[in-house]
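Peer 1: Next comes the structure file start08.cif, holding mmCIF, C-alpha atoms, pLDDT in the B column; chains and numbers go by the auth columns.
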data_upload
#
loop_
_atom_site.group_PDB
_atom_site.id
_atom_site.type_symbol
_atom_site.label_atom_id
_atom_site.label_comp_id
_atom_site.label_asym_id
_atom_site.label_seq_id
_atom_site.Cartn_x
_atom_site.Cartn_y
_atom_site.Cartn_z
_atom_site.B_iso_or_equiv
_atom_site.auth_seq_id
_atom_site.auth_asym_id
ATOM 1 C CA MET A 1 -9.709 5.003 9.439 94.00 149 A
ATOM 2 C CA ILE A 2 -11.275 7.487 7.058 95.00 150 A
ATOM 3 C CA ILE A 3 -9.272 9.205 4.334 96.00 151 A
ATOM 4 C CA GLU A 4 -10.861 12.183 2.636 95.00 152 A
ATOM 5 C CA ILE A 5 -10.335 12.050 -1.117 96.00 153 A
ATOM 6 C CA ASP A 6 -10.589 15.229 -3.168 95.00 154 A
ATOM 7 C CA ASP A 7 -8.699 16.883 -6.007 95.00 155 A
ATOM 8 C CA THR A 8 -6.543 19.034 -3.690 95.00 156 A
ATOM 9 C CA LYS A 9 -4.995 16.111 -1.763 96.00 157 A
ATOM 10 C CA THR A 10 -1.576 14.870 -2.796 97.00 158 A
ATOM 11 C CA ILE A 11 -0.727 11.219 -3.220 97.00 159 A
ATOM 12 C CA GLU A 12 1.844 11.579 -0.438 98.00 160 A
ATOM 13 C CA LEU A 13 -0.762 12.885 2.015 97.00 161 A
ATOM 14 C CA ILE A 14 -2.979 9.854 1.395 97.00 162 A
ATOM 15 C CA GLN A 15 0.004 7.496 1.630 98.00 163 A
ATOM 16 C CA ASP A 16 1.089 9.008 4.949 97.00 164 A
ATOM 17 C CA LYS A 17 -2.394 8.732 6.443 97.00 165 A
ATOM 18 C CA PHE A 18 -2.632 5.073 5.373 98.00 166 A
ATOM 19 C CA SER A 19 0.804 4.241 6.814 97.00 167 A
ATOM 20 C CA GLU A 20 -0.064 5.847 10.164 97.00 168 A
ATOM 21 C CA PHE A 21 -2.545 3.016 10.694 96.00 169 A
ATOM 22 C CA PHE A 22 -0.557 0.298 8.940 98.00 170 A
ATOM 23 C CA PRO A 23 3.149 1.055 9.536 97.00 171 A
ATOM 24 C CA PHE A 24 4.368 -2.064 7.720 97.00 172 A
ATOM 25 C CA LEU A 25 2.219 -1.364 4.652 98.00 173 A
ATOM 26 C CA LYS A 26 2.148 1.363 2.044 97.00 174 A
ATOM 27 C CA ILE A 27 0.075 2.178 -0.994 97.00 175 A
ATOM 28 C CA GLU A 28 1.417 3.335 -4.318 96.00 176 A
ATOM 29 C CA PHE A 29 -0.609 5.016 -7.041 96.00 177 A
ATOM 30 C CA TYR A 30 -0.361 4.037 -10.706 94.00 178 A
ATOM 31 C CA GLU A 31 -1.437 5.336 -14.092 90.00 179 A
ATOM 32 C CA HIS A 32 -3.088 2.021 -14.981 83.00 180 A
ATOM 33 C CA PRO A 33 -5.008 -0.626 -13.005 77.00 181 A
ATOM 34 C CA HIS A 34 -3.684 -4.096 -12.319 69.00 182 A
ATOM 35 C CA HIS A 35 -5.492 -7.412 -11.986 64.00 183 A
ATOM 36 C CA TRP A 36 -5.750 -9.723 -8.969 60.00 184 A
ATOM 37 C CA TYR A 37 -2.496 -11.616 -8.448 61.00 185 A
ATOM 38 C CA LYS A 38 -0.690 -9.362 -10.954 65.00 186 A
ATOM 39 C CA GLU A 39 2.084 -6.886 -10.197 72.00 187 A
ATOM 40 C CA SER A 40 1.805 -3.231 -11.084 74.00 188 A
ATOM 41 C CA SER A 41 4.475 -1.950 -13.435 74.00 189 A
ATOM 42 C CA LYS A 42 7.191 0.218 -11.901 77.00 190 A
ATOM 43 C CA THR A 43 7.125 2.356 -15.031 75.00 191 A
ATOM 44 C CA THR A 44 3.592 3.614 -14.354 85.00 192 A
ATOM 45 C CA ILE A 45 4.018 4.599 -10.696 94.00 193 A
ATOM 46 C CA LEU A 46 2.919 8.151 -9.912 95.00 194 A
ATOM 47 C CA PRO A 47 5.031 10.566 -7.832 96.00 195 A
ATOM 48 C CA GLY A 48 3.858 11.575 -4.362 96.00 196 A
ATOM 49 C CA ASN A 49 3.738 15.282 -5.149 97.00 197 A
ATOM 50 C CA LYS A 50 0.933 14.843 -7.707 96.00 198 A
ATOM 51 C CA THR A 51 -2.542 15.887 -6.615 96.00 199 A
ATOM 52 C CA ILE A 52 -5.527 13.610 -6.999 96.00 200 A
ATOM 53 C CA GLY A 53 -6.993 16.133 -9.432 94.00 201 A
ATOM 54 C CA GLU A 54 -3.980 15.722 -11.708 94.00 202 A
ATOM 55 C CA ILE A 55 -4.239 11.947 -11.991 93.00 203 A
ATOM 56 C CA ARG A 56 -7.901 11.247 -12.651 87.00 204 A
ATOM 57 C CA LYS A 57 -10.644 12.242 -15.064 81.00 205 A
ATOM 58 C CA HIS A 58 -13.677 11.935 -12.770 80.00 206 A
ATOM 59 C CA HIS A 59 -13.416 14.571 -10.074 82.00 207 A
ATOM 60 C CA HIS A 60 -15.807 13.465 -7.356 85.00 208 A
ATOM 61 C CA GLN A 61 -14.809 13.685 -3.722 92.00 209 A
ATOM 62 C CA GLY A 62 -15.707 11.629 -0.701 95.00 210 A
ATOM 63 C CA ASP A 63 -14.423 9.566 2.169 96.00 211 A
ATOM 64 C CA MET A 64 -12.540 6.311 1.804 96.00 212 A
ATOM 65 C CA GLU A 65 -13.317 4.172 4.818 96.00 213 A
ATOM 66 C CA ILE A 66 -10.603 1.597 5.513 97.00 214 A
ATOM 67 C CA HIS A 67 -10.779 -1.100 8.169 97.00 215 A
ATOM 68 C CA SER A 68 -8.163 -3.613 9.266 97.00 216 A
ATOM 69 C CA TRP A 69 -10.408 -6.504 8.230 98.00 217 A
ATOM 70 C CA TYR A 70 -10.618 -5.354 4.583 97.00 218 A
ATOM 71 C CA ARG A 71 -8.940 -7.726 2.181 97.00 219 A
ATOM 72 C CA THR A 72 -6.001 -6.219 0.320 94.00 220 A
ATOM 73 C CA GLY A 73 -7.498 -6.809 -3.123 91.00 221 A
ATOM 74 C CA ASP A 74 -10.859 -5.404 -2.049 94.00 222 A
ATOM 75 C CA LEU A 75 -9.226 -2.197 -0.838 96.00 223 A
ATOM 76 C CA GLU A 76 -7.412 -1.785 -4.143 93.00 224 A
ATOM 77 C CA GLN A 77 -10.670 -2.356 -6.041 93.00 225 A
ATOM 78 C CA SER A 78 -12.540 0.110 -3.807 95.00 226 A
ATOM 79 C CA PHE A 79 -10.090 2.881 -4.665 95.00 227 A
ATOM 80 C CA ARG A 80 -10.650 2.085 -8.347 93.00 228 A
ATOM 81 C CA LYS A 81 -14.427 1.827 -8.264 94.00 229 A
ATOM 82 C CA LYS A 82 -15.154 4.706 -5.902 94.00 230 A
ATOM 83 C CA PHE A 83 -12.529 7.247 -6.979 94.00 231 A
ATOM 84 C CA ASN A 84 -11.029 5.953 -10.251 93.00 232 A
ATOM 85 C CA LEU A 85 -7.628 5.619 -8.543 95.00 233 A
ATOM 86 C CA ASN A 86 -5.245 2.750 -9.250 94.00 234 A
ATOM 87 C CA VAL A 87 -3.437 1.643 -6.112 94.00 235 A
ATOM 88 C CA GLN A 88 -1.263 -1.289 -5.111 94.00 236 A
ATOM 89 C CA VAL A 89 -0.586 -2.300 -1.510 95.00 237 A
ATOM 90 C CA PHE A 90 3.024 -3.052 -0.565 96.00 238 A
ATOM 91 C CA ARG A 91 4.328 -4.814 2.545 96.00 239 A
ATOM 92 C CA LEU A 92 7.642 -4.134 4.252 95.00 240 A
ATOM 93 C CA HIS A 93 9.817 -7.232 4.343 90.00 241 A
ATOM 94 C CA GLY A 94 12.957 -6.399 6.271 86.00 242 A
ATOM 95 C CA THR A 95 14.332 -3.435 4.382 88.00 243 A
ATOM 96 C CA GLU A 96 12.466 -3.979 1.105 92.00 244 A
ATOM 97 C CA TRP A 97 8.947 -3.150 0.007 94.00 245 A
ATOM 98 C CA VAL A 98 7.202 -5.979 -1.856 93.00 246 A
ATOM 99 C CA GLN A 99 3.911 -5.896 -3.701 91.00 247 A
ATOM 100 C CA THR A 100 1.247 -7.993 -2.033 91.00 248 A
ATOM 101 C CA VAL A 101 0.693 -9.937 -5.241 84.00 249 A
ATOM 102 C CA GLY A 102 -0.585 -13.420 -4.519 87.00 250 A
ATOM 103 C CA THR A 103 -1.911 -12.417 -1.115 90.00 251 A
ATOM 104 C CA ASP A 104 -4.812 -10.168 -2.175 89.00 252 A
ATOM 105 C CA LYS A 105 -7.199 -12.263 -0.077 94.00 253 A
ATOM 106 C CA LEU A 106 -5.364 -11.502 3.165 96.00 254 A
ATOM 107 C CA THR A 107 -6.685 -8.682 5.324 97.00 255 A
ATOM 108 C CA LEU A 108 -4.760 -5.477 5.873 98.00 256 A
ATOM 109 C CA GLU A 109 -4.229 -6.542 9.484 98.00 257 A
ATOM 110 C CA GLU A 110 -2.758 -9.876 8.367 98.00 258 A
ATOM 111 C CA GLN A 111 -0.526 -8.158 5.802 97.00 259 A
ATOM 112 C CA ASN A 112 0.686 -5.627 8.371 97.00 260 A
ATOM 113 C CA ASP A 113 1.395 -8.401 10.889 97.00 261 A
ATOM 114 C CA ILE A 114 3.371 -10.399 8.305 96.00 262 A
ATOM 115 C CA GLY A 115 5.396 -7.280 7.507 95.00 263 A
ATOM 116 C CA ARG A 116 6.031 -6.572 11.189 95.00 264 A
ATOM 117 C CA LYS A 117 7.202 -10.124 11.901 94.00 265 A
ATOM 118 C CA ALA A 118 9.412 -10.304 8.804 91.00 266 A
ATOM 119 C CA THR A 119 10.985 -6.934 9.546 89.00 267 A
ATOM 120 C CA LEU A 120 11.639 -7.791 13.193 86.00 268 A
ATOM 121 C CA GLU A 121 13.196 -11.117 12.161 83.00 269 A
ATOM 122 C CA VAL A 122 15.527 -9.391 9.698 77.00 270 A
ATOM 123 C CA GLN A 123 16.487 -6.888 12.406 72.00 271 A
ATOM 124 C CA LYS A 124 17.228 -9.706 14.877 72.00 272 A
ATOM 125 C CA VAL A 125 19.529 -11.404 12.395 70.00 273 A
ATOM 126 C CA ALA A 126 21.298 -8.127 11.591 68.00 274 A
ATOM 127 C CA ASP A 127 21.743 -7.345 15.297 69.00 275 A
ATOM 128 C CA SER A 128 23.023 -10.799 16.256 61.00 276 A
ATOM 129 C CA PRO A 129 26.689 -11.059 17.339 64.00 277 A
ATOM 130 C CA THR A 130 27.485 -13.498 14.547 61.00 278 A
ATOM 131 C CA ALA A 131 26.081 -11.255 11.808 53.00 279 A
ATOM 132 C CA ASN A 132 29.119 -8.975 11.857 54.00 280 A
ATOM 133 C CA ARG A 133 31.803 -11.637 12.189 53.00 281 A
ATOM 134 C CA ASN A 134 34.436 -11.801 9.493 53.00 282 A
ATOM 135 C CA LEU A 135 34.796 -15.346 8.277 47.00 283 A
ATOM 136 C CA PHE A 136 38.388 -15.685 6.954 46.00 284 A
#
Using structure tokens, write down the structure that the file contains.
Peer 2:
Amino acid sequence: MIIEIDDTKTIELIQDKFSEFFPFLKIEFYEHPHHWYKESSKTTILPGNKTIGEIRKHHHQGDMEIHSWYRTGDLEQSFRKKFNLNVQVFRLHGTEWVQTVGTDKLTLEEQNDIGRKATLEVQKVADSPTANRNLF
């Protein structure tokens, strides 16, 4: 996948393009960078309606090439180094999004597969006949 990065693109547009290829993953943009194996602070998350031009000081454009075999942490670092953008990858786990902290060495494909399996398992449990039984 190739995502074009320029000052006119919104965060939401980039997020949507990423999630088209990895439906059990999402990326969030932050004011400040984070370190490997560290969570990004919820207080510095940027809203989806912001444009790339509004959130960075260096205004160069280009293409962000993303492959399924890229490690999660490497992708996050590439956004930072190439475009001065601070991103964090999240994985869907059932009905909740969790930061991929501690699994930065896994590939995007592995992360997406973990999210898919966890979400399907949660759905199976919720859909089982015993899940809705009242126990009195």
Peer 1: Select, from A:Asp252, A:Asp154, A:Asp164, A:Glu224, the residue with the minimum atom-to-atom distance to Tyr178 (chain A), counting only C-alpha atoms.
Peer 2: A:Glu224
Peer 1: Figure out the distance between CA of Ser189 (chain A) and CA of His206 (chain A), please, to one decimal in Å.
Peer 2: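 About the pair CA of His206 (chain A) and CA of Ser189 (chain A): they are 22.9 Å apart.
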Peer 1: Kindly resolve the PyMOL selection byres ((chain A and resi 152) around 9) on the present coordinates and return the residues as a list in words.
Peer 2: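 Taken over the shown coordinates, the PyMOL selection byres ((chain A and resi 152) around 9) returns Ile150, Ile151, Ile153, Asp154, Lys157, Ile162, Gln209, Gly210, Asp211, Met212 and Glu213 of chain A.
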Peer 1: Excluding Ile159 (chain A) and residues on its chain fewer than 2 positions from it, collect all residues at most 10 Å away from it, counting all atoms listed in the file, and give them as an NGL selection string.
Peer 2: :A and (153 or 156-157 or 161-164 or 175-177 or 194-200 or 203)
Peer 1: Determine the nearest neighbour of Thr243 (chain A) from the options A:Gln225, A:Trp217, A:Phe172, A:Gly201, counting all atoms listed in the file.
Peer 2: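 The shortest atom-to-atom distance to Thr243 (chain A) comes from A:Phe172.
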Peer 1: Pick out the closest residue to Thr255 (chain A) from this set: A:Asn234, A:Phe166, A:Lys174, A:Arg219. Count only C-alpha atoms.
Peer 2: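 Selected residue with least distance to Thr255 (chain A): A:Arg219.
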Peer 1: Would you write out, as a list of chain:residue names, every residue that the PyMOL selection byres ((chain A and resi 239) around 6) captures in this file?
Peer 2: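 What the PyMOL selection byres ((chain A and resi 239) around 6) grabs from the file is A:Phe172, A:Leu173, A:Phe238, A:Leu240, A:Trp245, A:Val246, A:Gly263.
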Peer 1: With all atoms listed in the file as the atoms that count, which of A:His207, A:Arg264, A:Lys253, A:Lys272 lies nearest to Asn232 (chain A)?
Peer 2: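 The answer is A:His207, which sits nearest to Asn232 (chain A).
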Peer 1: Closest to Glu179 (chain A) among A:Glu258, A:Ile193, A:Ser167, A:Asp155, using all atoms listed in the file?
Peer 2: A:Ile193
Peer 1: One number please: CA of Met149 (chain A) to CA of Leu256 (chain A), in Å, one decimal.
Peer 2: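 If I compute the distance from CA of Met149 (chain A) to CA of Leu256 (chain A), I get 12.1 Å.
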Peer 1: Using Å and a single decimal, report how far CA of Thr158 (chain A) sits from CA of Lys205 (chain A).
Peer 2: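 A separation of 15.5 Å between them.
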Peer 1: May I have the residues within 10 Å of Lys265 (chain A) as JSON, numbers by chain, using all atoms listed in the file and disregarding those fewer than 3 positions away in the same chain?
Peer 2: {"A": [172, 240, 241, 242, 260, 261, 262, 268, 269, 270, 271]}
Peer 1: Which residue gives the smallest distance to Phe170 (chain A) among A:Ser226, A:Gln259, A:Thr251, A:Gln236, with all atoms listed in the file counted?
Peer 2: A:Gln259
Peer 1: Report as lines of an AutoDock Vina configuration file the centre and the edge lengths, in Å to one decimal, of the axis-aligned box holding every listed atom of region 195-208 of chain A, padded by 3 Å on each side.
Peer 2:
center_x = -5.4
center_y = 13.3
center_z = -9.7
size_x = 26.8
size_y = 11.6
size_z = 16.7
